[in-house]
>>> print(open('protein-v1.tsv').read())   # TSV, N, CA and C atoms
chain	number	residue	atom	x	y	z
A	1	MET	N	115.08	126.67	7.09
A	1	MET	CA	114.53	127.83	6.42
A	1	MET	C	114.01	127.39	5.05
A	2	SER	N	112.82	127.80	4.70
A	2	SER	CA	112.22	127.39	3.43
A	2	SER	C	112.42	128.44	2.35
A	3	SER	N	112.27	127.99	1.12
A	3	SER	CA	112.37	128.89	-0.03
A	3	SER	C	111.05	129.64	-0.18
A	4	PRO	N	111.12	130.90	-0.60
A	4	PRO	CA	109.88	131.68	-0.77
A	4	PRO	C	109.12	131.25	-2.01
A	5	GLU	N	107.82	131.30	-1.94
A	5	GLU	CA	106.96	130.95	-3.06
A	5	GLU	C	106.89	132.11	-4.06
A	6	VAL	N	106.87	131.79	-5.34
A	6	VAL	CA	106.60	132.79	-6.37
A	6	VAL	C	105.08	132.85	-6.48
A	7	VAL	N	104.49	133.99	-6.11
A	7	VAL	CA	103.04	134.09	-6.01
A	7	VAL	C	102.38	134.69	-7.24
A	8	SER	N	103.16	135.30	-8.11
A	8	SER	CA	102.59	135.91	-9.31
A	8	SER	C	103.65	135.95	-10.40
A	9	LEU	N	103.21	135.64	-11.61
A	9	LEU	CA	104.10	135.70	-12.78
A	9	LEU	C	103.31	136.19	-13.97
A	10	SER	N	103.83	137.22	-14.61
A	10	SER	CA	103.30	137.68	-15.89
A	10	SER	C	104.48	138.24	-16.67
A	11	TRP	N	104.25	138.56	-17.92
A	11	TRP	CA	105.34	139.07	-18.77
A	11	TRP	C	106.01	140.27	-18.11
A	12	GLY	N	107.31	140.13	-17.81
A	12	GLY	CA	108.07	141.22	-17.24
A	12	GLY	C	107.84	141.50	-15.77
A	13	HIS	N	107.13	140.61	-15.07
A	13	HIS	CA	106.81	140.87	-13.66
A	13	HIS	C	106.67	139.57	-12.87
A	14	MET	N	107.33	139.53	-11.73
A	14	MET	CA	107.22	138.39	-10.82
A	14	MET	C	107.09	138.93	-9.40
A	15	GLU	N	106.28	138.25	-8.59
A	15	GLU	CA	106.20	138.59	-7.17
A	15	GLU	C	106.57	137.37	-6.36
A	16	VAL	N	107.40	137.61	-5.36
A	16	VAL	CA	107.90	136.55	-4.49
A	16	VAL	C	107.44	136.83	-3.07
A	17	LYS	N	106.86	135.81	-2.46
A	17	LYS	CA	106.41	135.91	-1.07
A	17	LYS	C	107.62	135.78	-0.16
A	18	GLY	N	107.64	136.59	0.87
A	18	GLY	CA	108.75	136.53	1.81
A	18	GLY	C	108.43	137.35	3.02
A	19	VAL	N	109.49	137.81	3.70
A	19	VAL	CA	109.30	138.68	4.85
A	19	VAL	C	108.41	139.85	4.44
A	20	SER	N	108.72	140.42	3.30
A	20	SER	CA	107.83	141.38	2.66
A	20	SER	C	107.82	141.00	1.19
A	21	SER	N	106.66	140.96	0.58
A	21	SER	CA	106.58	140.55	-0.82
A	21	SER	C	107.43	141.48	-1.68
A	22	SER	N	108.10	140.88	-2.67
A	22	SER	CA	108.97	141.65	-3.54
A	22	SER	C	108.57	141.44	-4.98
A	23	SER	N	108.70	142.49	-5.78
A	23	SER	CA	108.40	142.42	-7.21
A	23	SER	C	109.69	142.54	-8.00
A	24	TYR	N	109.79	141.74	-9.05
A	24	TYR	CA	110.99	141.71	-9.88
A	24	TYR	C	110.61	141.54	-11.34
A	25	LYS	N	111.55	141.89	-12.22
A	25	LYS	CA	111.44	141.50	-13.62
A	25	LYS	C	112.01	140.10	-13.76
A	26	ASP	N	113.24	139.93	-13.37
A	26	ASP	CA	113.91	138.63	-13.31
A	26	ASP	C	114.39	138.47	-11.88
A	27	CYS	N	114.41	137.24	-11.39
A	27	CYS	CA	114.81	137.10	-9.99
A	27	CYS	C	115.56	135.81	-9.70
A	28	LYS	N	116.24	135.85	-8.55
A	28	LYS	CA	116.90	134.70	-7.96
A	28	LYS	C	116.20	134.44	-6.63
A	29	VAL	N	115.94	133.17	-6.34
A	29	VAL	CA	115.29	132.80	-5.08
A	29	VAL	C	116.06	131.63	-4.47
A	30	TRP	N	116.06	131.57	-3.14
A	30	TRP	CA	116.77	130.52	-2.41
A	30	TRP	C	116.12	130.39	-1.04
A	31	PRO	N	116.48	129.34	-0.30
A	31	PRO	CA	115.90	129.21	1.05
A	31	PRO	C	116.18	130.46	1.88
A	32	GLY	N	115.11	131.13	2.25
A	32	GLY	CA	115.24	132.31	3.10
A	32	GLY	C	115.35	133.64	2.39
A	33	GLY	N	115.34	133.67	1.04
A	33	GLY	CA	115.50	134.98	0.42
A	33	GLY	C	115.28	135.01	-1.07
A	34	SER	N	115.37	136.22	-1.58
A	34	SER	CA	115.25	136.46	-3.02
A	34	SER	C	115.83	137.83	-3.32
A	35	ARG	N	116.12	138.03	-4.60
A	35	ARG	CA	116.55	139.36	-5.05
A	35	ARG	C	116.41	139.43	-6.55
A	36	ALA	N	116.50	140.65	-7.06
A	36	ALA	CA	116.46	140.86	-8.51
A	36	ALA	C	117.67	140.19	-9.14
A	37	TRP	N	117.47	139.64	-10.32
A	37	TRP	CA	118.56	139.07	-11.11
A	37	TRP	C	118.91	140.11	-12.16
A	38	ASP	N	120.00	140.82	-11.94
A	38	ASP	CA	120.47	141.86	-12.85
A	38	ASP	C	121.54	141.25	-13.76
A	39	TRP	N	121.18	141.02	-14.99
A	39	TRP	CA	122.10	140.39	-15.93
A	39	TRP	C	123.38	141.19	-16.14
A	40	ARG	N	123.32	142.48	-15.90
A	40	ARG	CA	124.51	143.32	-16.11
A	40	ARG	C	125.63	142.97	-15.14
A	41	GLU	N	125.30	142.38	-14.00
A	41	GLU	CA	126.34	142.01	-13.03
A	41	GLU	C	127.35	141.04	-13.61
A	42	THR	N	126.91	140.17	-14.50
A	42	THR	CA	127.79	139.13	-15.05
A	42	THR	C	127.93	139.21	-16.57
A	43	GLY	N	127.25	140.17	-17.18
A	43	GLY	CA	127.30	140.29	-18.63
A	43	GLY	C	126.47	139.24	-19.36
A	44	THR	N	125.48	138.70	-18.69
A	44	THR	CA	124.62	137.67	-19.28
A	44	THR	C	123.77	138.26	-20.39
A	45	ASP	N	123.52	137.46	-21.40
A	45	ASP	CA	122.60	137.80	-22.48
A	45	ASP	C	121.88	136.51	-22.88
A	46	HIS	N	120.87	136.62	-23.72
A	46	HIS	CA	120.10	135.43	-24.10
A	46	HIS	C	121.00	134.34	-24.67
A	47	ARG	N	122.00	134.76	-25.44
A	47	ARG	CA	123.00	133.85	-25.98
A	47	ARG	C	124.36	134.43	-25.65
A	48	PRO	N	125.23	133.72	-25.06
A	48	PRO	CA	125.21	132.28	-24.82
A	48	PRO	C	124.39	131.84	-23.61
A	49	GLY	N	123.87	132.77	-22.82
A	49	GLY	CA	122.94	132.39	-21.78
A	49	GLY	C	123.47	132.41	-20.36
A	50	VAL	N	122.76	131.69	-19.50
A	50	VAL	CA	123.04	131.66	-18.06
A	50	VAL	C	124.45	131.11	-17.82
A	51	GLN	N	125.22	131.86	-17.04
A	51	GLN	CA	126.60	131.52	-16.74
A	51	GLN	C	126.72	130.97	-15.32
A	52	PRO	N	127.82	130.26	-15.03
A	52	PRO	CA	128.02	129.80	-13.65
A	52	PRO	C	127.92	130.93	-12.63
A	53	ALA	N	128.42	132.11	-12.97
A	53	ALA	CA	128.36	133.25	-12.04
A	53	ALA	C	126.93	133.67	-11.73
A	54	ASP	N	126.00	133.39	-12.63
A	54	ASP	CA	124.59	133.74	-12.39
A	54	ASP	C	123.94	132.85	-11.34
A	55	VAL	N	124.41	131.62	-11.20
A	55	VAL	CA	123.79	130.67	-10.28
A	55	VAL	C	124.59	130.44	-9.01
A	56	GLU	N	125.82	130.90	-8.99
A	56	GLU	CA	126.72	130.67	-7.86
A	56	GLU	C	126.13	131.15	-6.53
A	57	GLU	N	125.55	132.32	-6.52
A	57	GLU	CA	124.97	132.88	-5.30
A	57	GLU	C	123.87	131.99	-4.75
A	58	VAL	N	123.01	131.48	-5.62
A	58	VAL	CA	121.92	130.62	-5.18
A	58	VAL	C	122.46	129.28	-4.67
A	59	VAL	N	123.41	128.72	-5.39
A	59	VAL	CA	124.02	127.44	-4.98
A	59	VAL	C	124.70	127.58	-3.63
A	60	SER	N	125.31	128.72	-3.38
A	60	SER	CA	126.02	128.94	-2.11
A	60	SER	C	125.08	128.96	-0.90
A	61	ARG	N	123.79	129.06	-1.17
A	61	ARG	CA	122.79	129.08	-0.08
A	61	ARG	C	122.35	127.66	0.31
A	62	GLY	N	123.02	126.65	-0.27
A	62	GLY	CA	122.77	125.27	0.15
A	62	GLY	C	121.60	124.59	-0.50
A	63	VAL	N	121.30	124.91	-1.77
A	63	VAL	CA	120.18	124.26	-2.44
A	63	VAL	C	120.60	122.88	-2.95
A	64	ASP	N	119.63	121.98	-2.98
A	64	ASP	CA	119.84	120.65	-3.57
A	64	ASP	C	119.37	120.61	-5.02
A	65	THR	N	118.41	121.49	-5.34
A	65	THR	CA	117.84	121.56	-6.70
A	65	THR	C	117.80	123.02	-7.12
A	66	LEU	N	118.14	123.27	-8.37
A	66	LEU	CA	118.04	124.61	-8.94
A	66	LEU	C	117.16	124.55	-10.17
A	67	VAL	N	116.14	125.38	-10.20
A	67	VAL	CA	115.23	125.47	-11.35
A	67	VAL	C	115.58	126.76	-12.10
A	68	ILE	N	115.82	126.62	-13.39
A	68	ILE	CA	116.14	127.76	-14.24
A	68	ILE	C	114.98	128.00	-15.19
A	69	GLY	N	114.44	129.22	-15.15
A	69	GLY	CA	113.38	129.61	-16.08
A	69	GLY	C	114.00	130.24	-17.30
A	70	SER	N	113.81	129.59	-18.46
A	70	SER	CA	114.48	130.02	-19.69
A	70	SER	C	113.72	131.09	-20.47
A	71	GLY	N	112.71	131.69	-19.84
A	71	GLY	CA	111.95	132.75	-20.49
A	71	GLY	C	110.59	132.25	-20.94
A	72	MET	N	109.67	133.18	-21.14
A	72	MET	CA	108.31	132.83	-21.55
A	72	MET	C	108.30	132.17	-22.93
A	73	ASN	N	109.22	132.57	-23.79
A	73	ASN	CA	109.34	131.98	-25.13
A	73	ASN	C	110.61	131.15	-25.26
A	74	GLN	N	111.22	130.84	-24.14
A	74	GLN	CA	112.44	130.03	-24.06
A	74	GLN	C	113.60	130.61	-24.85
A	75	ALA	N	113.74	131.93	-24.81
A	75	ALA	CA	114.82	132.59	-25.55
A	75	ALA	C	116.15	132.55	-24.80
A	76	LEU	N	116.11	132.35	-23.50
A	76	LEU	CA	117.32	132.35	-22.68
A	76	LEU	C	117.96	130.97	-22.69
A	77	GLN	N	119.19	130.92	-23.15
A	77	GLN	CA	119.93	129.66	-23.17
A	77	GLN	C	120.67	129.47	-21.84
A	78	VAL	N	121.19	128.26	-21.64
A	78	VAL	CA	122.01	127.94	-20.47
A	78	VAL	C	123.31	127.35	-20.98
A	79	GLN	N	124.42	127.96	-20.56
A	79	GLN	CA	125.72	127.48	-21.02
A	79	GLN	C	126.02	126.09	-20.47
A	80	THR	N	126.70	125.28	-21.27
A	80	THR	CA	127.11	123.94	-20.84
A	80	THR	C	127.97	124.03	-19.59
A	81	SER	N	128.80	125.05	-19.50
A	81	SER	CA	129.66	125.21	-18.32
A	81	SER	C	128.83	125.41	-17.05
A	82	THR	N	127.65	126.01	-17.19
A	82	THR	CA	126.76	126.20	-16.04
A	82	THR	C	126.20	124.86	-15.59
A	83	LEU	N	125.77	124.05	-16.52
A	83	LEU	CA	125.25	122.72	-16.18
A	83	LEU	C	126.35	121.86	-15.55
A	84	ASP	N	127.56	121.95	-16.10
A	84	ASP	CA	128.70	121.21	-15.53
A	84	ASP	C	129.00	121.68	-14.11
A	85	PHE	N	128.99	123.00	-13.90
A	85	PHE	CA	129.24	123.58	-12.57
A	85	PHE	C	128.23	123.03	-11.56
A	86	LEU	N	126.96	123.02	-11.94
A	86	LEU	CA	125.90	122.55	-11.03
A	86	LEU	C	126.06	121.07	-10.73
A	87	ARG	N	126.36	120.27	-11.72
A	87	ARG	CA	126.56	118.83	-11.50
A	87	ARG	C	127.75	118.59	-10.59
A	88	GLN	N	128.84	119.35	-10.79
A	88	GLN	CA	130.02	119.20	-9.93
A	88	GLN	C	129.71	119.54	-8.48
A	89	LYS	N	128.77	120.43	-8.26
A	89	LYS	CA	128.36	120.82	-6.91
A	89	LYS	C	127.32	119.85	-6.34
A	90	GLY	N	126.88	118.88	-7.14
A	90	GLY	CA	125.88	117.92	-6.69
A	90	GLY	C	124.47	118.47	-6.68
A	91	VAL	N	124.23	119.52	-7.46
A	91	VAL	CA	122.91	120.17	-7.51
A	91	VAL	C	122.14	119.62	-8.71
A	92	VAL	N	120.93	119.17	-8.46
A	92	VAL	CA	120.03	118.76	-9.54
A	92	VAL	C	119.54	120.03	-10.23
A	93	VAL	N	119.60	120.04	-11.56
A	93	VAL	CA	119.17	121.24	-12.30
A	93	VAL	C	118.02	120.89	-13.23
A	94	LYS	N	117.05	121.80	-13.28
A	94	LYS	CA	115.91	121.68	-14.17
A	94	LYS	C	115.80	122.97	-14.96
A	95	VAL	N	115.86	122.87	-16.28
A	95	VAL	CA	115.73	124.03	-17.15
A	95	VAL	C	114.40	123.90	-17.87
A	96	LEU	N	113.51	124.86	-17.62
A	96	LEU	CA	112.16	124.81	-18.16
A	96	LEU	C	111.71	126.19	-18.63
A	97	GLN	N	110.72	126.21	-19.50
A	97	GLN	CA	110.07	127.45	-19.88
A	97	GLN	C	109.60	128.10	-18.57
A	98	THR	N	109.66	129.41	-18.45
A	98	THR	CA	109.49	130.08	-17.16
A	98	THR	C	108.19	129.74	-16.44
A	99	GLU	N	107.06	129.70	-17.14
A	99	GLU	CA	105.82	129.35	-16.44
A	99	GLU	C	105.88	127.95	-15.85
A	100	LYS	N	106.44	127.01	-16.61
A	100	LYS	CA	106.60	125.64	-16.11
A	100	LYS	C	107.65	125.58	-15.00
A	101	ALA	N	108.69	126.40	-15.15
A	101	ALA	CA	109.75	126.43	-14.14
A	101	ALA	C	109.22	126.93	-12.79
A	102	VAL	N	108.41	127.98	-12.82
A	102	VAL	CA	107.84	128.52	-11.59
A	102	VAL	C	106.90	127.50	-10.95
A	103	ALA	N	106.10	126.82	-11.77
A	103	ALA	CA	105.20	125.79	-11.24
A	103	ALA	C	106.00	124.66	-10.58
A	104	GLU	N	107.06	124.22	-11.23
A	104	GLU	CA	107.90	123.16	-10.66
A	104	GLU	C	108.59	123.63	-9.38
A	105	TYR	N	109.13	124.84	-9.42
A	105	TYR	CA	109.77	125.42	-8.24
A	105	TYR	C	108.78	125.47	-7.07
A	106	ASN	N	107.59	126.02	-7.30
A	106	ASN	CA	106.60	126.12	-6.23
A	106	ASN	C	106.17	124.75	-5.72
A	107	ASN	N	106.09	123.77	-6.60
A	107	ASN	CA	105.79	122.41	-6.20
A	107	ASN	C	106.86	121.89	-5.24
A	108	LEU	N	108.10	122.10	-5.58
A	108	LEU	CA	109.21	121.66	-4.72
A	108	LEU	C	109.22	122.42	-3.39
A	109	VAL	N	108.93	123.72	-3.43
A	109	VAL	CA	108.82	124.50	-2.19
A	109	VAL	C	107.74	123.89	-1.30
A	110	GLY	N	106.60	123.56	-1.89
A	110	GLY	CA	105.50	122.98	-1.14
A	110	GLY	C	105.84	121.64	-0.50
A	111	ARG	N	106.79	120.94	-1.10
A	111	ARG	CA	107.22	119.66	-0.55
A	111	ARG	C	108.37	119.80	0.44
A	112	GLY	N	108.80	121.05	0.68
A	112	GLY	CA	109.85	121.30	1.66
A	112	GLY	C	111.27	121.08	1.15
A	113	ALA	N	111.44	121.04	-0.16
A	113	ALA	CA	112.77	120.83	-0.75
A	113	ALA	C	113.66	122.06	-0.55
A	114	ARG	N	114.96	121.82	-0.51
A	114	ARG	CA	115.93	122.92	-0.48
A	114	ARG	C	116.18	123.31	-1.94
A	115	VAL	N	115.30	124.18	-2.43
A	115	VAL	CA	115.30	124.53	-3.85
A	115	VAL	C	115.57	126.00	-4.03
A	116	GLY	N	116.25	126.29	-5.14
A	116	GLY	CA	116.48	127.67	-5.54
A	116	GLY	C	116.06	127.84	-6.97
A	117	GLY	N	116.03	129.06	-7.44
A	117	GLY	CA	115.67	129.31	-8.81
A	117	GLY	C	116.24	130.60	-9.35
A	118	VAL	N	116.42	130.62	-10.65
A	118	VAL	CA	116.72	131.85	-11.38
A	118	VAL	C	115.71	131.90	-12.52
A	119	PHE	N	114.96	132.99	-12.58
A	119	PHE	CA	113.83	133.08	-13.49
A	119	PHE	C	113.89	134.34	-14.35
A	120	HIS	N	113.67	134.14	-15.66
A	120	HIS	CA	113.60	135.22	-16.63
A	120	HIS	C	112.14	135.36	-17.04
A	121	SER	N	111.57	136.55	-16.85
A	121	SER	CA	110.12	136.70	-17.01
A	121	SER	C	109.67	137.29	-18.35
A	122	THR	N	110.60	137.50	-19.26
A	122	THR	CA	110.16	137.95	-20.57
A	122	THR	C	110.54	136.89	-21.61
A	123	CYS	N	110.97	137.30	-22.77
A	123	CYS	CA	111.16	136.41	-23.91
A	123	CYS	C	111.90	135.14	-23.56
>>> encode(input="protein-v1.tsv", output="structure tokens")
Amino acid sequence: MSSPEVVSLSWGHMEVKGVSSSSYKDCKVWPGGSRAWDWRETGTDHRPGVQPADVEEVVSRGVDTLVIGSGMNQALQVQTSTLDFLRQKGVVVKVLQTEKAVAEYNNLVGRGARVGGVFHSTC
């Protein structure tokens, strides 16, 4: 099963190709699916940033690489504990500004990689 392509990105809006195209503000994507990334589920904020609980769902889908979009202006941080969690699971992690993150994610999707992503589409 392949990861869905992110087909559109603009401030506050992302579209993911899938069984039926989905629109999100922030999203999580993995081989075979996607969903909105609701920061309230884990109490995430720009600082201290992405927590292990934010990426656990995507990692559980069997990804080898996880791309994290840190926002259009890179305002979203990533906690050290999150990077440690991903390394312990053997997952390669790439943290990039969101436009670059989506481009890298789509590149990996195109190459057939088992890739997932968590993307923040605003600041």
>>> residues_around(input="protein-v1.tsv", residues="region 75-81 of chain A", least_positions_apart="6", cutoff="6.5 Å", atoms="all atoms listed in the file", output="list in words")
Asp45, His46, Arg47, Pro48, Gly49, Val50, Gln51, Pro52 and Cys123 of chain A
>>> write_last_selection(input="protein-v1.tsv", atoms="N, CA and C atoms", output="JSON list (two decimals), in the coordinates of the input")
[["chain", "number", "residue", "atom", "x", "y", "z"],
["A", 45, "ASP", "N", 123.52, 137.46, -21.40],
["A", 45, "ASP", "CA", 122.60, 137.80, -22.48],
["A", 45, "ASP", "C", 121.88, 136.51, -22.88],
["A", 46, "HIS", "N", 120.87, 136.62, -23.72],
["A", 46, "HIS", "CA", 120.10, 135.43, -24.10],
["A", 46, "HIS", "C", 121.00, 134.34, -24.67],
["A", 47, "ARG", "N", 122.00, 134.76, -25.44],
["A", 47, "ARG", "CA", 123.00, 133.85, -25.98],
["A", 47, "ARG", "C", 124.36, 134.43, -25.65],
["A", 48, "PRO", "N", 125.23, 133.72, -25.06],
["A", 48, "PRO", "CA", 125.21, 132.28, -24.82],
["A", 48, "PRO", "C", 124.39, 131.84, -23.61],
["A", 49, "GLY", "N", 123.87, 132.77, -22.82],
["A", 49, "GLY", "CA", 122.94, 132.39, -21.78],
["A", 49, "GLY", "C", 123.47, 132.41, -20.36],
["A", 50, "VAL", "N", 122.76, 131.69, -19.50],
["A", 50, "VAL", "CA", 123.04, 131.66, -18.06],
["A", 50, "VAL", "C", 124.45, 131.11, -17.82],
["A", 51, "GLN", "N", 125.22, 131.86, -17.04],
["A", 51, "GLN", "CA", 126.60, 131.52, -16.74],
["A", 51, "GLN", "C", 126.72, 130.97, -15.32],
["A", 52, "PRO", "N", 127.82, 130.26, -15.03],
["A", 52, "PRO", "CA", 128.02, 129.80, -13.65],
["A", 52, "PRO", "C", 127.92, 130.93, -12.63],
["A", 123, "CYS", "N", 110.97, 137.30, -22.77],
["A", 123, "CYS", "CA", 111.16, 136.41, -23.91],
["A", 123, "CYS", "C", 111.90, 135.14, -23.56]]
>>> axis_aligned_box(input="protein-v1.tsv", around="region 52-69 of chain A", padding_each_side="3 Å", output="JSON")
{"center_x": 120.9, "center_y": 127.2, "center_z": -8.5, "size_x": 21.0, "size_y": 19.1, "size_z": 23.6}
>>> residues_around(input="protein-v1.tsv", residues="Lys17 (chain A)", least_positions_apart="5", cutoff="5 Å", atoms="only N, CA and C atoms", output="list of chain:residue names")
A:Pro4, A:Glu5, A:Val6, A:Val7
>>> select_by_dssp(input="protein-v1.tsv", residues="chain A", states="helix (DSSP H, G or I)", output="PyMOL selection string")
chain A and resi 39-41+52-59+80-88+98-110
>>> closest_residue(input="protein-v1.tsv", among="A:His13, A:Arg40, A:Arg35, A:Arg87", to="Thr122 (chain A)", atoms="only N, CA and C atoms")
A:His13
>>> select_by_dssp(input="protein-v1.tsv", residues="chain A", states="strand (DSSP E or B)", output="NGL selection string")
:A and (6-10 or 13-16 or 22-24 or 26-30 or 33-36 or 50 or 65-69 or 78 or 92-96 or 115-120)
>>> atom_distance(input="protein-v1.tsv", atom1="atom N of Gln74 (chain A)", atom2="CA of Asp26 (chain A)")
13.6 Å
>>> atom_distance(input="protein-v1.tsv", atom1="CA of Glu104 (chain A)", atom2="CA of Gly43 (chain A)")
27.1 Å
>>> atom_distance(input="protein-v1.tsv", atom1="atom C of Gly62 (chain A)", atom2="CA of Leu9 (chain A)")
24.1 Å
>>> closest_residue(input="protein-v1.tsv", among="A:Asn73, A:Val95, A:Thr82, A:Gly32", to="Asp54 (chain A)", atoms="all atoms listed in the file")
A:Thr82
>>> closest_residue(input="protein-v1.tsv", among="A:Met14, A:Val58, A:Met72, A:Leu108", to="Leu96 (chain A)", atoms="only C-alpha atoms")
A:Met72
>>> closest_residue(input="protein-v1.tsv", among="A:Thr42, A:Met1, A:Gly71, A:Val63", to="Lys100 (chain A)", atoms="only C-alpha atoms")
A:Gly71
>>> residues_around(input="protein-v1.tsv", residues="region 112-115 of chain A", least_positions_apart="4", cutoff="6 Å", atoms="only N, CA and C atoms", output="PyMOL selection string")
chain A and resi 3+29-31+62-66+108
>>> closest_residue(input="protein-v1.tsv", among="A:Ser2, A:Ser70, A:Ser23, A:Thr98", to="Gly110 (chain A)", atoms="only C-alpha atoms")
A:Ser2
>>> closest_residue(input="protein-v1.tsv", among="A:Val67, A:Lys28, A:Gly33, A:Asp38", to="Asn107 (chain A)", atoms="only C-alpha atoms")
A:Val67
